[in-house]
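**Q** So that we are looking at the same thing, I have put the structure below in structure tokens.
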Number of protein chains: 2
Amino acid sequence: MSEQIDLAEYLFTRLRQLGVESIHGVPGDYNLQALDYIEPAGISWVGNANELNAGYAADGYGRIKGISALITAFGVGELSAINAIGGSYAEMSPVVHIVGTPPLTAQNARICLHHSLGDGNFRIFADMYAKLTVAQANLTDPSTAPSMIDNTLRQCVLQSRPVYIELPTNMVKQKVSARSLKFPLNLSIPHNDEGFEDAEVELILARIYASKQPFIIVDGFTAALGITAEADELVRVTGFPTSTTSFGKGIVNESYPNFHGIYAGEAGKQVYRPWVESCDLILRIGPLSSDVNTYGFTTIPNPKYTIDFHRNSVEIGGTNSFTNVHVKPLLRKILDRIDKSKLPRYDPYPDLGNPRQQLEALTPAKTDGVIDQETFWQRISTFFRSGDIILTETGTPSIGGRDFVLPPQTTLINSGIWLSIGYMLGASQGAALAQRDIIRSVTTTHTLTPENPVTADAPPSSRSSQRTFSGRTILFIGDGSLQMTVQSLSDTIHNKLPLTIFLINNDGYTIERFIHGMKALYNDVQPWNYLHAPIYFGADPNDASYPIVTRRAANWGELFHVIGEKEVQEGKGLTIVEVFMEREDAPDALKKLVASAARRNSGQAPPTETNEEGPVRRGSDEKMIKAAG
Amino acid sequence: MSEQIDLAEYLFTRLRQLGVESIHGVPGDYNLQALDYIEPAGISWVGNANELNAGYAADGYGRIKGISALITAFGVGELSAINAIGGSYAEMSPVVHIVGTPPLTAQNARICLHHSLGDGNFRIFADMYAKLTVAQANLTDPSTAPSMIDNTLRQCVLQSRPVYIELPTNMVKQKVSARSLKFPLNLSIPHNDEGFEDAEVELILARIYASKQPFIIVDGFTAALGITAEADELVRVTGFPTSTTSFGKGIVNESYPNFHGIYAGEAGKQVYRPWVESCDLILRIGPLSSDVNTYGFTTIPNPKYTIDFHRNSVEIGGTNSFTNVHVKPLLRKILDRIDKSKLPRYDPYPDLGNPRQQLEALTPAKTDGVIDQETFWQRISTFFRSGDIILTETGTPSIGGRDFVLPPQTTLINSGIWLSIGYMLGASQGAALAQRDIIRSVTTTHTLTPENPVTADAPPSSRSSQRTFSGRTILFIGDGSLQMTVQSLSDTIHNKLPLTIFLINNDGYTIERFIHGMKALYNDVQPWNYLHAPIYFGADPNDASYPIVTRRAANWGELFHVIGEKEVQEGKGLTIVEVFMEREDAPDALKKLVASAARRNSGQAPPTETNEEGPVRRGSDEKMIKAAG
């Protein structure tokens, strides 16, 4: 590589080094010149139908691949994507948002350009994005641009949150030094102070050894913190009873005997909550204490008995709070030093339920029986296999999906706080593409079978060290949500991405019906002929390399027949299964969850606990405020 | 009406009084309770498939109806619509954006709620919107809420720009005083200082009388300033040669003999520009001096010879600048006092071309000839009739549509600065609905015929005093744009809105191809089967009250046949005509326009004029900065 290269070449080469193999976005004036540099850098251009979907897809890609990039035009383009970036920020997905901006001469002269507000202010949109990104770079100077790019990308990966890069059109071809590209970007986490770290490890181990009734809750930020392997190991080594949150589902191996499904507080089984509340030690890994992820704050344990592991801090027992400690090396050291003989043992082991056994104990479904929300999510689990990426859209899928019984090495994407409906369709396109990019980097022959998934080393920036991939991406989504972002189906077809969609057709916004307005017209949606999508969006029915499969299932018999079909199981092309459910049916947990939301919306405070040592009123708990930090 | 009513009832009753008969938006947690109050207030709920489309539709509704309302949920909902509101701000469409926010107890306790970033900050999104709205109200106190609502709505109408209202869920049912509702909201423009105004009128009239070569440019803010009738009268009374900009097209009656089409500066006919540049008086009404609306700033006349009429200021001859003057009463007084005998007369009248004669002089199209961009926009004009609302999407339609030859009382919507592709599909849904709402308020029998359009008094907040409506809304849009916001078709069908779409299928982003990357893959789009849309989106083919018509036109013969069909001419239901054009074809003006944009993007300054008295370099002209003000 020559010493001087074009600025855009620098940017895309660096992104490629970090693992970006495909870039999402929409072409537009002010970014077209930059797009010329994508393919030469060894990156594919996705070309989404609109920016919001591109942003959602980039978010999904980032959650699988550990880094992602999105390109939009200035003003109109970037604002259309801002909701997606808000979600990436709130839920920690590492997305590099590159905005093609007007040339600097025009910006400096404050001229009245299209895609601006006409007031000469070209900083407005960057200012908005400053609230939703952890680093920004405005590439106005060739001498500083490479280091600005490097610093910004580093923050994206290390904080696993979106960053924002402005690339003025006239800067695209400016020459910059290529020297730094000879070395990979330094993504190492700074070392913890050794003595400090040792003291913390000993303190935590002492609390673990001294506990009589320990419990582990693995939450969703675990993945973004890059400690999936450590969390899994902790669960395996200690043998402590373990649950996940809905946001954290899929991170630990659900086939462990000490895994007990999702702990759902007041929305869950009655036996479970009193037991958790009597625990004397609860380890929470990567917690997100949002209302929906904690079932109205009812799963947040007494801080006195809790150790929370955040990215750069650990809170111990509600009293000690260690900041400036990097959790990954800390957890590693705990695992290296743990003395299994000192661990408390349950005798007898508590009866917290076993999701796999519960699934097996279900009464067999009647062939002509209506598909019900209460058991669908358990029964569909037989369709899953190791290496699948499964996405559950906000609504009945996100809540129902908590009952999935997952094979090991299944990746689940569920929203923990942002809950933007429509997101999952875009994210599924991005996740399917990330999976394909990973598989292609391992094998070019594509002979994936259920017995032969691919295990890949993650790219340098990825949140997990190794994952298994089946090639299948499976989305569960409701009709109202799918309508939000339906163009993502076109993007999926255009890029020939394998995607299996279970479209829950229950005639409207069912989750909103339960919150308010069960029969209200405003919770209706226009009834589409959903299975016409491949024809409308121009899928080629004669392309054997990308089979199109559309099916309907209105009762259990039809559903089981469909998921037993060979081509549905393979999931090589686009598969859409329209599953009909009752309009006013919902999982029991959803009903309980929205009841508590309804109380809050009416201005009523959340229920107050009376047990002095138990959970206190969480509505004003400091922890909730910092939950996403 | 009782003295105390629910806050939400107050809000929607006031909106109804102002002329809001339909509200766009998407239901979601934090706004559902408020939606219950819409139908009882006599307003229809549209129920859009997503928020961006809802925002675009609200913008289109506002441009026709003089006011519009949009409801979204907090966070995810409002951010998805923010690009639309940016456009409403930049191009002056009066949209009331109501956001359902979390209950105040939760906001004040800063709890970690879904749809927030989880950091306890509930002000972030309102702060973003502050940059794009002219007034905001956070309804936290029942005693001040009515006056806050009134003040906010007043600013929306008077400034013709978006406002932002936060309605916390717990406030929806709070009791407020209904007293103010007995009186219509005061929307009167404050009187100008009489003496001051008289002096200005005399000064302007003196300049007019003294001129030898006067010229009028009617621009697009004229409509938003509520001076459409005055502008039209000025053109008619003076008989001065008149042009519009592309943003202002349709505002004045194009059948006047002194109307000469769009003045396109360097992108236009060569004879025109030198003539304009030798004018000694140019009256610009409601100017927007953006790059695209001024053909790269080449139509901005020498300030020395220009009088610019803005909303609250008049700039005379580049020296006098009167602020704090309301343009509507000022223009009215000028028209009342004008002495026709003192007006300069052209002898001979200059040869600036007559668009109607140019259309008639075109060589007849060959039946089997390819439909070309250079003449399509003129030839299609025979389809239009008085009372039509026509929308031209950014891309070849917006530029080609400048060649339309419009009958009197045709409304054209074209973007002047924001140019967000996809906008027009949403806006056409909103415009069609606004038109139906207006027609229904005049007649309930709906026997519109070409010979019998409806003439309606505008609602109190409307920008024009009286308009004629044919019942037809006609959209011209390219394939890439339609894909952006295609769910708007579902919204159109769901609400059974009459809409005629000419879909220009030219296989990708043609306007971008001309800017950069003629053959680049990133300017391709997935080829859809566009005419399958009604089936996919669930239109009922057996509903005689809402006929579905889909047609293809690949040559002139087919096109003329289609537009001659009775049901296409009626435009009673959804009509989609897919018009095939060449991928690399574009109107001549587009080629010229993008050439100047390309020069700017590469960092080259716009061309410098040498004529000392003529237009100077516009790239740093102060006027451009203030253009949207």
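Each chain of the structure tokens is named A, B, ... in the order shown, its residues numbered from 1; ligands are numbered from 1 in display order.
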Hey, list the chain A side of the contact with chain B: 6 Å cut-off, only C-alpha atoms, answer as a PyMOL selection string.
**A** chain A and resi 49-50+76+79-80+83+90+103+109+111-115+117-120+128+169-170+290-291+417-418+420+483-484+494+526-529+532+536-538+601-603+620+624-626+628
**Q** From a DSSP pass on the backbone, collect the residues of range 328-511 of chain B flagged as strand (DSSP E) and hand them back as a count of residues only.
**A** 29
**Q** Select, from B:Gln4, B:Asn555, B:Thr510, B:Asn452, the residue with the minimum atom-to-atom distance to Ala178 in chain B, counting only C-alpha atoms.
**A** B:Gln4
**Q** Enter the distance from CA of Pro397 in chain A to CA of Leu559 in chain A, in Å, rounded to one decimal.
**A**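 Spanning CA of Pro397 in chain A to CA of Leu559 in chain A is a straight-line distance of 16.3 Å.
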**Q** Report, in Å with one decimal, the straight-line distance from CA of Val96 in chain A to CA of Ala69 in chain A.
**A**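 Distance between the two atoms: 4.5 Å.
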**Q** Per DSSP on the backbone, what are the alpha helix (DSSP H) residues of range 18-263 of chain B, as a PyMOL selection string?
**A** chain B and resi 32-35+51-65+76-91+104-108+124-130+145-159+194-210+221-224+228-238
**Q** Let me make sure I understand: among A:Val314, A:Val454, A:Ile438, A:Ile149, which one has the smallest atom-to-atom distance to Val176 in chain A if we use only C-alpha atoms?
**A**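 Ranking A:Val314, A:Val454, A:Ile438, A:Ile149 by distance to Val176 in chain A, first place goes to A:Ile149.
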**Q** For Glu39 in chain A, work out the shell of residues within 10 Å, counting only C-alpha atoms and skipping chain neighbours fewer than 5 positions away, then give it as a PyMOL selection string.
**A** chain A and resi 12+21-23+44-45
